[in-house]
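Okay, entry.cif is below, mmCIF, C-alpha atoms:
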```cif
data_model
#
loop_
_atom_site.group_PDB
_atom_site.id
_atom_site.type_symbol
_atom_site.label_atom_id
_atom_site.label_comp_id
_atom_site.auth_asym_id
_atom_site.auth_seq_id
_atom_site.Cartn_x
_atom_site.Cartn_y
_atom_site.Cartn_z
ATOM 1 C CA MET J 1 0.000 0.000 0.000
ATOM 2 C CA PHE J 2 1.174 3.552 -0.713
ATOM 3 C CA SER J 3 2.494 5.359 2.315
ATOM 4 C CA ARG J 4 -0.083 6.278 4.948
ATOM 5 C CA THR J 5 2.481 8.069 7.087
ATOM 6 C CA SER J 6 1.988 11.328 5.195
ATOM 7 C CA ALA J 7 -1.212 13.340 5.364
ATOM 8 C CA SER J 8 -1.658 13.135 1.583
ATOM 9 C CA GLY J 9 -1.281 9.348 1.619
ATOM 10 C CA ARG J 10 -3.854 8.958 4.395
ATOM 11 C CA ASP J 11 -6.251 11.322 2.630
ATOM 12 C CA LEU J 12 -5.952 9.373 -0.638
ATOM 13 C CA HIS J 13 -6.645 6.080 1.108
ATOM 14 C CA SER J 14 -9.660 7.592 2.887
ATOM 15 C CA ALA J 15 -11.010 8.959 -0.393
ATOM 16 C CA LEU J 16 -10.825 5.516 -2.024
ATOM 17 C CA GLU J 17 -12.601 3.966 0.970
ATOM 18 C CA ARG J 18 -15.341 6.610 0.853
ATOM 19 C CA ALA J 19 -15.904 5.978 -2.853
ATOM 20 C CA GLY J 20 -16.563 2.345 -1.923
ATOM 21 C CA PHE J 21 -15.904 1.026 -5.435
ATOM 22 C CA TYR J 22 -13.707 -2.058 -4.978
ATOM 23 C CA PRO J 23 -11.453 0.022 -2.696
ATOM 24 C CA ARG J 24 -8.843 -2.722 -2.214
ATOM 25 C CA LEU J 25 -8.502 -3.327 -5.945
ATOM 26 C CA VAL J 26 -8.388 0.392 -6.776
ATOM 27 C CA ALA J 27 -5.846 1.064 -4.013
ATOM 28 C CA ASP J 28 -3.565 -1.697 -5.316
ATOM 29 C CA VAL J 29 -3.828 -0.357 -8.866
ATOM 30 C CA VAL J 30 -3.024 3.164 -7.684
ATOM 31 C CA GLU J 31 -0.081 1.888 -5.653
ATOM 32 C CA ASP J 32 1.332 0.043 -8.659
ATOM 33 C CA ALA J 33 0.894 3.094 -10.902
ATOM 34 C CA LEU J 34 2.608 5.385 -8.371
ATOM 35 C CA ASP J 35 5.638 3.062 -8.359
ATOM 36 C CA GLY J 36 6.889 4.398 -5.029
ATOM 37 C CA MET J 37 6.186 8.075 -5.733
ATOM 38 C CA GLU J 38 4.560 10.081 -2.941
ATOM 39 C CA PRO J 39 1.084 11.525 -3.668
ATOM 40 C CA LEU J 40 0.815 15.280 -3.214
ATOM 41 C CA ALA J 41 -2.794 15.807 -4.302
ATOM 42 C CA HIS J 42 -5.598 13.628 -5.590
ATOM 43 C CA LEU J 43 -9.097 13.652 -7.020
ATOM 44 C CA VAL J 44 -11.454 10.651 -6.842
ATOM 45 C CA GLN J 45 -14.736 10.586 -8.754
ATOM 46 C CA LEU J 46 -17.298 7.766 -8.717
ATOM 47 C CA GLU J 47 -19.953 7.805 -11.438
ATOM 48 C CA THR J 48 -23.014 5.639 -12.065
ATOM 49 C CA HIS J 49 -24.675 5.116 -15.457
ATOM 50 C CA ILE J 50 -27.889 3.250 -16.213
ATOM 51 C CA GLU J 51 -28.135 1.453 -19.550
ATOM 52 C CA HIS J 52 -31.526 -0.164 -20.157
ATOM 53 C CA THR J 53 -31.805 -2.613 -17.243
ATOM 54 C CA GLU J 54 -28.132 -2.563 -16.264
ATOM 55 C CA VAL J 55 -26.339 -0.278 -13.826
ATOM 56 C CA HIS J 56 -22.678 0.470 -14.517
ATOM 57 C CA ARG J 57 -20.292 2.234 -12.174
ATOM 58 C CA HIS J 58 -16.791 3.481 -12.721
ATOM 59 C CA VAL J 59 -14.227 5.408 -10.731
ATOM 60 C CA THR J 60 -11.564 7.799 -11.988
ATOM 61 C CA VAL J 61 -8.600 8.628 -9.759
ATOM 62 C CA LEU J 62 -6.140 11.424 -10.499
ATOM 63 C CA VAL J 63 -2.996 11.533 -8.362
ATOM 64 C CA LEU J 64 -0.406 14.284 -8.555
ATOM 65 C CA THR J 65 3.196 13.678 -7.496
ATOM 66 C CA ALA J 66 6.229 15.932 -7.738
ATOM 67 C CA GLU J 67 7.041 14.578 -11.200
ATOM 68 C CA VAL J 68 3.948 13.052 -12.799
ATOM 69 C CA MET J 69 0.171 12.859 -12.836
ATOM 70 C CA VAL J 70 -1.166 9.319 -12.508
ATOM 71 C CA ILE J 71 -4.576 8.511 -14.007
ATOM 72 C CA VAL J 72 -6.407 5.365 -12.935
ATOM 73 C CA HIS J 73 -9.780 4.296 -14.273
ATOM 74 C CA VAL J 74 -11.718 1.235 -13.123
ATOM 75 C CA ASP J 75 -15.175 0.203 -14.292
ATOM 76 C CA ASP J 76 -17.183 -2.974 -13.908
ATOM 77 C CA GLN J 77 -19.346 -4.941 -16.277
ATOM 78 C CA GLN J 78 -22.021 -7.490 -15.512
ATOM 79 C CA MET J 79 -21.308 -10.725 -17.377
ATOM 80 C CA ASP J 80 -24.602 -12.526 -16.701
ATOM 81 C CA GLU J 81 -28.230 -11.531 -16.177
ATOM 82 C CA ALA J 82 -28.159 -12.531 -12.516
ATOM 83 C CA GLY J 83 -25.228 -10.221 -11.850
ATOM 84 C CA GLU J 84 -23.221 -12.980 -10.201
ATOM 85 C CA GLN J 85 -20.342 -12.732 -12.665
ATOM 86 C CA VAL J 86 -18.717 -9.298 -12.763
ATOM 87 C CA MET J 87 -15.581 -8.174 -14.610
ATOM 88 C CA ALA J 88 -13.508 -5.128 -13.707
ATOM 89 C CA GLN J 89 -11.630 -3.291 -16.437
ATOM 90 C CA VAL J 90 -8.594 -1.270 -15.345
ATOM 91 C CA SER J 91 -6.716 1.447 -17.251
ATOM 92 C CA THR J 92 -3.748 3.464 -16.031
ATOM 93 C CA GLU J 93 -1.569 6.174 -17.481
ATOM 94 C CA THR J 94 1.401 8.114 -16.151
ATOM 95 C CA VAL J 95 1.864 11.611 -17.606
ATOM 96 C CA PRO J 96 5.001 13.674 -16.866
ATOM 97 C CA ILE J 97 4.077 17.083 -15.476
ATOM 98 C CA GLY J 98 6.094 18.757 -18.216
ATOM 99 C CA ARG J 99 3.855 17.229 -20.894
ATOM 100 C CA ILE J 100 0.634 18.721 -19.536
ATOM 101 C CA SER J 101 -0.208 21.572 -21.874
ATOM 102 C CA SER J 102 -3.316 23.048 -20.268
ATOM 103 C CA VAL J 103 -5.488 22.916 -17.167
ATOM 104 C CA VAL J 104 -8.934 24.379 -17.837
ATOM 105 C CA LEU J 105 -11.514 25.089 -15.148
ATOM 106 C CA SER J 106 -15.116 25.946 -16.006
ATOM 107 C CA PHE J 107 -17.484 27.087 -13.254
ATOM 108 C CA VAL J 108 -21.261 27.399 -12.996
ATOM 109 C CA TYR J 109 -22.797 29.975 -10.638
ATOM 110 C CA GLN J 110 -26.525 30.159 -10.011
ATOM 111 C CA GLN J 111 -28.287 33.519 -9.864
ATOM 112 C CA PRO J 112 -25.193 35.569 -10.772
ATOM 113 C CA GLN J 113 -27.138 38.794 -10.311
ATOM 114 C CA GLU J 114 -27.205 37.983 -6.594
ATOM 115 C CA TYR J 115 -23.560 36.916 -6.367
ATOM 116 C CA ARG J 116 -21.665 37.583 -3.149
ATOM 117 C CA PRO J 117 -17.947 36.888 -2.521
ATOM 118 C CA SER J 118 -18.897 34.117 -0.088
ATOM 119 C CA ASP J 119 -20.945 32.229 -2.716
ATOM 120 C CA LYS J 120 -19.397 28.994 -3.984
ATOM 121 C CA SER J 121 -19.680 27.500 -7.431
ATOM 122 C CA ARG J 122 -22.250 24.712 -7.648
ATOM 123 C CA GLU J 123 -20.618 22.984 -10.603
ATOM 124 C CA LEU J 124 -17.106 22.626 -11.962
ATOM 125 C CA THR J 125 -15.600 21.014 -15.044
ATOM 126 C CA LEU J 126 -11.885 20.203 -15.045
ATOM 127 C CA ALA J 127 -10.237 19.560 -18.413
ATOM 128 C CA ILE J 128 -6.600 18.439 -18.583
ATOM 129 C CA SER J 129 -4.793 17.968 -21.882
ATOM 130 C CA TRP J 130 -1.291 17.001 -22.868
ATOM 131 C CA SER J 131 0.659 16.549 -26.074
ATOM 132 C CA GLY J 132 1.066 13.091 -27.463
ATOM 133 C CA GLY J 133 -1.282 10.304 -28.436
ATOM 134 C CA GLN J 134 -4.689 10.611 -29.971
ATOM 135 C CA ARG J 135 -7.503 8.112 -30.396
ATOM 136 C CA VAL J 136 -9.861 7.513 -33.311
ATOM 137 C CA ASP J 137 -13.517 6.630 -32.690
ATOM 138 C CA LEU J 138 -14.765 4.725 -35.757
ATOM 139 C CA ALA J 139 -18.279 3.965 -36.951
ATOM 140 C CA PRO J 140 -19.670 2.474 -40.179
ATOM 141 C CA ALA J 141 -20.227 5.128 -42.843
ATOM 142 C CA GLY J 142 -23.571 5.389 -44.648
ATOM 143 C CA CYS J 143 -25.313 7.371 -47.353
ATOM 144 C CA ALA J 144 -28.593 9.229 -47.808
ATOM 145 C CA ASP J 145 -30.287 6.324 -49.645
ATOM 146 C CA PRO J 146 -32.193 4.228 -47.075
ATOM 147 C CA GLN J 147 -32.325 1.292 -49.539
ATOM 148 C CA CYS J 148 -28.577 1.251 -50.118
ATOM 149 C CA ASP J 149 -26.754 -1.769 -48.719
ATOM 150 C CA ALA J 150 -23.324 -1.003 -50.170
ATOM 151 C CA ASP J 151 -20.217 -0.951 -48.017
ATOM 152 C CA HIS J 152 -19.244 2.687 -47.526
ATOM 153 C CA GLY J 153 -16.303 1.960 -45.252
ATOM 154 C CA TYR J 154 -15.883 3.772 -41.974
ATOM 155 C CA THR J 155 -15.971 7.307 -40.696
ATOM 156 C CA GLY J 156 -14.394 8.538 -37.515
ATOM 157 C CA THR J 157 -13.368 11.394 -35.292
ATOM 158 C CA LEU J 158 -9.857 12.063 -34.052
ATOM 159 C CA GLN J 159 -9.689 13.118 -30.404
ATOM 160 C CA LYS J 160 -6.834 14.025 -28.139
ATOM 161 C CA GLU J 161 -6.196 11.741 -25.197
ATOM 162 C CA ASP J 162 -7.159 14.014 -22.332
ATOM 163 C CA VAL J 163 -9.256 14.012 -19.189
ATOM 164 C CA VAL J 164 -12.516 15.851 -18.602
ATOM 165 C CA MET J 165 -14.212 15.563 -15.212
ATOM 166 C CA ARG J 166 -17.474 17.279 -14.286
ATOM 167 C CA VAL J 167 -18.354 17.680 -10.613
ATOM 168 C CA SER J 168 -21.609 19.156 -9.323
ATOM 169 C CA ALA J 169 -22.861 19.887 -5.846
ATOM 170 C CA GLU J 170 -26.221 18.246 -6.622
ATOM 171 C CA ALA J 171 -24.715 14.929 -7.726
ATOM 172 C CA ASP J 172 -21.465 14.771 -5.758
ATOM 173 C CA GLY J 173 -21.841 17.217 -2.890
ATOM 174 C CA LEU J 174 -20.381 20.674 -2.359
ATOM 175 C CA HIS J 175 -17.239 19.180 -0.784
ATOM 176 C CA ALA J 176 -16.511 17.360 -4.068
ATOM 177 C CA VAL J 177 -16.555 20.667 -5.951
ATOM 178 C CA ASP J 178 -14.095 22.114 -3.434
ATOM 179 C CA GLU J 179 -11.844 19.044 -3.740
ATOM 180 C CA ALA J 180 -11.813 19.305 -7.539
ATOM 181 C CA ARG J 181 -10.893 22.989 -7.324
ATOM 182 C CA ASP J 182 -8.087 22.235 -4.860
ATOM 183 C CA PHE J 183 -6.670 19.511 -7.111
ATOM 184 C CA ALA J 184 -6.816 21.806 -10.135
ATOM 185 C CA ARG J 185 -4.955 24.518 -8.238
ATOM 186 C CA ALA J 186 -2.241 22.060 -7.176
ATOM 187 C CA LEU J 187 -1.891 20.757 -10.736
ATOM 188 C CA ARG J 188 -1.828 24.277 -12.163
ATOM 189 C CA LYS J 189 0.904 25.262 -9.716
ATOM 190 C CA ALA J 190 2.942 22.171 -10.620
ATOM 191 C CA THR J 191 2.650 22.748 -14.368
ATOM 192 C CA THR J 192 3.539 26.428 -13.994
ATOM 193 C CA SER J 193 6.639 25.592 -11.964
ATOM 194 C CA THR J 194 7.728 23.042 -14.563
ATOM 195 C CA ALA J 195 7.168 25.494 -17.408
ATOM 196 C CA LEU J 196 9.455 27.990 -15.693
ATOM 197 C CA ASP J 197 12.195 25.353 -15.354
ATOM 198 C CA PRO J 198 12.400 23.269 -18.578
ATOM 199 C CA ARG J 199 15.139 21.086 -17.067
ATOM 200 C CA SER J 200 12.658 19.587 -14.620
ATOM 201 C CA ALA J 201 10.387 18.467 -17.480
ATOM 202 C CA SER J 202 13.090 16.467 -19.251
ATOM 203 C CA ALA J 203 14.310 14.989 -15.973
ATOM 204 C CA ALA J 204 10.801 13.915 -14.976
ATOM 205 C CA GLU J 205 10.152 12.264 -18.335
ATOM 206 C CA SER J 206 13.411 10.325 -18.156
ATOM 207 C CA ARG J 207 12.368 8.901 -14.773
ATOM 208 C CA THR J 208 8.757 8.153 -15.729
ATOM 209 C CA PRO J 209 7.905 4.439 -15.938
ATOM 210 C CA ARG J 210 6.601 3.398 -19.332
ATOM 211 C CA THR J 211 3.075 2.039 -19.428
ATOM 212 C CA GLY J 212 1.792 -0.504 -21.888
ATOM 213 C CA GLY J 213 -1.337 1.323 -23.018
ATOM 214 C CA ARG J 214 -2.932 4.729 -22.990
ATOM 215 C CA PHE J 215 -5.663 5.779 -20.596
ATOM 216 C CA VAL J 216 -9.152 5.032 -21.864
ATOM 217 C CA ARG J 217 -12.170 6.436 -20.059
ATOM 218 C CA GLY J 218 -14.976 4.098 -19.085
ATOM 219 C CA HIS J 219 -16.919 2.323 -21.780
ATOM 220 C CA HIS J 220 -19.154 -0.714 -21.859
ATOM 221 C CA GLN J 221 -19.497 -3.297 -24.546
ATOM 222 C CA GLY J 222 -22.851 -4.640 -25.422
#
```

Here is a file; write its structure as structure tokens.
Amino acid sequence: MFSRTSASGRDLHSALERAGFYPRLVADVVEDALDGMEPLAHLVQLETHIEHTEVHRHVTVLVLTAEVMVIVHVDDQQMDEAGEQVMAQVSTETVPIGRISSVVLSFVYQQPQEYRPSDKSRELTLAISWSGGQRVDLAPAGCADPQCDADHGYTGTLQKEDVVMRVSAEADGLHAVDEARDFARALRKATTSTALDPRSASAAESRTPRTGGRFVRGHHQG
């Protein structure tokens, strides 16, 4: 288990326990992805989606260290109608701080005409992007003729591999919005410091463990 002697380590462990989504499995995955690095800040988000008669949950964990940002995503899938057979899919990615190109925060305030300095945002969207890989989402191409059964190949969209997390007070609680803002501030400070010292970016990348695959956000196969 990652160190619980530090306040950040204890807080991360507590956050995984509170999420309650296979906490032992998620903690082990996070520990392996950290590879001995000490967590400085973290953000844990549990989401639930309903598809027809099935309920799917997935958790996304962002962990900031002095050199990298670790991204862990775990979701489950019901393998039988009775729900007795469940499979967990795990994705991890390690991104050097120097590769993060932007940290975007979008806020939602209700009744802005009545805004007071003590009012807190009720919703926040955190978008993190970095240079590097992209993914292509493909789908069969078609034409305007509804009677046509010819093979038109595939069409697709090219998207950058980034992270977008939306947190709202109604769904996640006001504390979750505050936690997301705190993580964004810590990440923004880390990326700014790295940008001011280019040597730290190259050093961090040289020490970053290589992962086998890129981070893929939750999806479910029919």

Checklist entry - Between J:Ala41, J:Leu46, J:Leu105, J:Leu34, which has the minimum distance to Thr92 of chain J (counting all atoms listed in the file)? => result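 Residue with the minimum atom-to-atom distance to Thr92 of chain J: J:Leu34.
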
Next on the checklist: Considering all atoms listed in the file, can you say which of J:Ser121, J:Ser6, J:Ser129, J:Ser101 comes closest to Ala180 of chain J?
Outcome noted: J:Ser121

Checklist entry - the PyMOL selection byres ((chain J and resi 90) around 9) on the file shown: which residues, as a VMD selection string? => result chain J and resid 26 29 72 to 76 88 to 89 91 to 92

Next on the checklist: One number please: atom CA of Gly9 of chain J to atom CA of Thr191 of chain J, in Å, one decimal.
Outcome noted: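 If I compute the distance from atom CA of Gly9 of chain J to atom CA of Thr191 of chain J, I get 21.2 Å.
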
Checklist entry - What does the PyMOL selection byres ((chain J and resi 59-61) around 9) select in this file, as a list of chain:residue names? => result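 What the PyMOL selection byres ((chain J and resi 59-61) around 9) grabs from the file is J:Leu16, J:Ala19, J:Phe21, J:Val26, J:Val30, J:His42, J:Leu43, J:Val44, J:Gln45, J:Leu46, J:Glu47, J:Thr48, J:Arg57, J:His58, J:Leu62, J:Val63, J:Val70, J:Ile71, J:Val72, J:His73, J:Val74, J:Asp75, J:Met165, J:Arg217, J:Gly218.
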
Checklist entry - Do you have the atom CA of Ile100 of chain J-atom CA of Ile128 of chain J distance handy? => result 7.3 Å

Checklist outcome for this item: Pairwise distance, atom CA of Glu123 of chain J with atom CA of Val108 of chain J, equals 5.1 Å

Item to check | Protein, DNA and RNA residues within 9 Å of (1.7, 24.1, -13.7), all atoms listed in the file, as a ChimeraX atom specification | outcome: /J:97-98,100-103,185-196

Item to check | Output of the PyMOL selection byres ((chain J and resi 177) around 12), listed as a ChimeraX atom specification | outcome: /J:43-45,105-108,120-126,165-176,178-184

Got a moment to write segment 32-141 of chain J out with C-alpha atoms, as a CSV table (one decimal), in the first residue's frame?
```
chain,number,residue,atom,x,y,z
J,32,ASP,CA,1.3,0.0,-8.7
J,33,ALA,CA,0.9,3.1,-10.9
J,34,LEU,CA,2.6,5.4,-8.4
J,35,ASP,CA,5.6,3.1,-8.4
J,36,GLY,CA,6.9,4.4,-5.0
J,37,MET,CA,6.2,8.1,-5.7
J,38,GLU,CA,4.6,10.1,-2.9
J,39,PRO,CA,1.1,11.5,-3.7
J,40,LEU,CA,0.8,15.3,-3.2
J,41,ALA,CA,-2.8,15.8,-4.3
J,42,HIS,CA,-5.6,13.6,-5.6
J,43,LEU,CA,-9.1,13.7,-7.0
J,44,VAL,CA,-11.5,10.7,-6.8
J,45,GLN,CA,-14.7,10.6,-8.8
J,46,LEU,CA,-17.3,7.8,-8.7
J,47,GLU,CA,-20.0,7.8,-11.4
J,48,THR,CA,-23.0,5.6,-12.1
J,49,HIS,CA,-24.7,5.1,-15.5
J,50,ILE,CA,-27.9,3.3,-16.2
J,51,GLU,CA,-28.1,1.5,-19.5
J,52,HIS,CA,-31.5,-0.2,-20.2
J,53,THR,CA,-31.8,-2.6,-17.2
J,54,GLU,CA,-28.1,-2.6,-16.3
J,55,VAL,CA,-26.3,-0.3,-13.8
J,56,HIS,CA,-22.7,0.5,-14.5
J,57,ARG,CA,-20.3,2.2,-12.2
J,58,HIS,CA,-16.8,3.5,-12.7
J,59,VAL,CA,-14.2,5.4,-10.7
J,60,THR,CA,-11.6,7.8,-12.0
J,61,VAL,CA,-8.6,8.6,-9.8
J,62,LEU,CA,-6.1,11.4,-10.5
J,63,VAL,CA,-3.0,11.5,-8.4
J,64,LEU,CA,-0.4,14.3,-8.6
J,65,THR,CA,3.2,13.7,-7.5
J,66,ALA,CA,6.2,15.9,-7.7
J,67,GLU,CA,7.0,14.6,-11.2
J,68,VAL,CA,3.9,13.1,-12.8
J,69,MET,CA,0.2,12.9,-12.8
J,70,VAL,CA,-1.2,9.3,-12.5
J,71,ILE,CA,-4.6,8.5,-14.0
J,72,VAL,CA,-6.4,5.4,-12.9
J,73,HIS,CA,-9.8,4.3,-14.3
J,74,VAL,CA,-11.7,1.2,-13.1
J,75,ASP,CA,-15.2,0.2,-14.3
J,76,ASP,CA,-17.2,-3.0,-13.9
J,77,GLN,CA,-19.3,-4.9,-16.3
J,78,GLN,CA,-22.0,-7.5,-15.5
J,79,MET,CA,-21.3,-10.7,-17.4
J,80,ASP,CA,-24.6,-12.5,-16.7
J,81,GLU,CA,-28.2,-11.5,-16.2
J,82,ALA,CA,-28.2,-12.5,-12.5
J,83,GLY,CA,-25.2,-10.2,-11.8
J,84,GLU,CA,-23.2,-13.0,-10.2
J,85,GLN,CA,-20.3,-12.7,-12.7
J,86,VAL,CA,-18.7,-9.3,-12.8
J,87,MET,CA,-15.6,-8.2,-14.6
J,88,ALA,CA,-13.5,-5.1,-13.7
J,89,GLN,CA,-11.6,-3.3,-16.4
J,90,VAL,CA,-8.6,-1.3,-15.3
J,91,SER,CA,-6.7,1.4,-17.3
J,92,THR,CA,-3.7,3.5,-16.0
J,93,GLU,CA,-1.6,6.2,-17.5
J,94,THR,CA,1.4,8.1,-16.2
J,95,VAL,CA,1.9,11.6,-17.6
J,96,PRO,CA,5.0,13.7,-16.9
J,97,ILE,CA,4.1,17.1,-15.5
J,98,GLY,CA,6.1,18.8,-18.2
J,99,ARG,CA,3.9,17.2,-20.9
J,100,ILE,CA,0.6,18.7,-19.5
J,101,SER,CA,-0.2,21.6,-21.9
J,102,SER,CA,-3.3,23.0,-20.3
J,103,VAL,CA,-5.5,22.9,-17.2
J,104,VAL,CA,-8.9,24.4,-17.8
J,105,LEU,CA,-11.5,25.1,-15.1
J,106,SER,CA,-15.1,25.9,-16.0
J,107,PHE,CA,-17.5,27.1,-13.3
J,108,VAL,CA,-21.3,27.4,-13.0
J,109,TYR,CA,-22.8,30.0,-10.6
J,110,GLN,CA,-26.5,30.2,-10.0
J,111,GLN,CA,-28.3,33.5,-9.9
J,112,PRO,CA,-25.2,35.6,-10.8
J,113,GLN,CA,-27.1,38.8,-10.3
J,114,GLU,CA,-27.2,38.0,-6.6
J,115,TYR,CA,-23.6,36.9,-6.4
J,116,ARG,CA,-21.7,37.6,-3.1
J,117,PRO,CA,-17.9,36.9,-2.5
J,118,SER,CA,-18.9,34.1,-0.1
J,119,ASP,CA,-20.9,32.2,-2.7
J,120,LYS,CA,-19.4,29.0,-4.0
J,121,SER,CA,-19.7,27.5,-7.4
J,122,ARG,CA,-22.3,24.7,-7.6
J,123,GLU,CA,-20.6,23.0,-10.6
J,124,LEU,CA,-17.1,22.6,-12.0
J,125,THR,CA,-15.6,21.0,-15.0
J,126,LEU,CA,-11.9,20.2,-15.0
J,127,ALA,CA,-10.2,19.6,-18.4
J,128,ILE,CA,-6.6,18.4,-18.6
J,129,SER,CA,-4.8,18.0,-21.9
J,130,TRP,CA,-1.3,17.0,-22.9
J,131,SER,CA,0.7,16.5,-26.1
J,132,GLY,CA,1.1,13.1,-27.5
J,133,GLY,CA,-1.3,10.3,-28.4
J,134,GLN,CA,-4.7,10.6,-30.0
J,135,ARG,CA,-7.5,8.1,-30.4
J,136,VAL,CA,-9.9,7.5,-33.3
J,137,ASP,CA,-13.5,6.6,-32.7
J,138,LEU,CA,-14.8,4.7,-35.8
J,139,ALA,CA,-18.3,4.0,-37.0
J,140,PRO,CA,-19.7,2.5,-40.2
J,141,ALA,CA,-20.2,5.1,-42.8
```
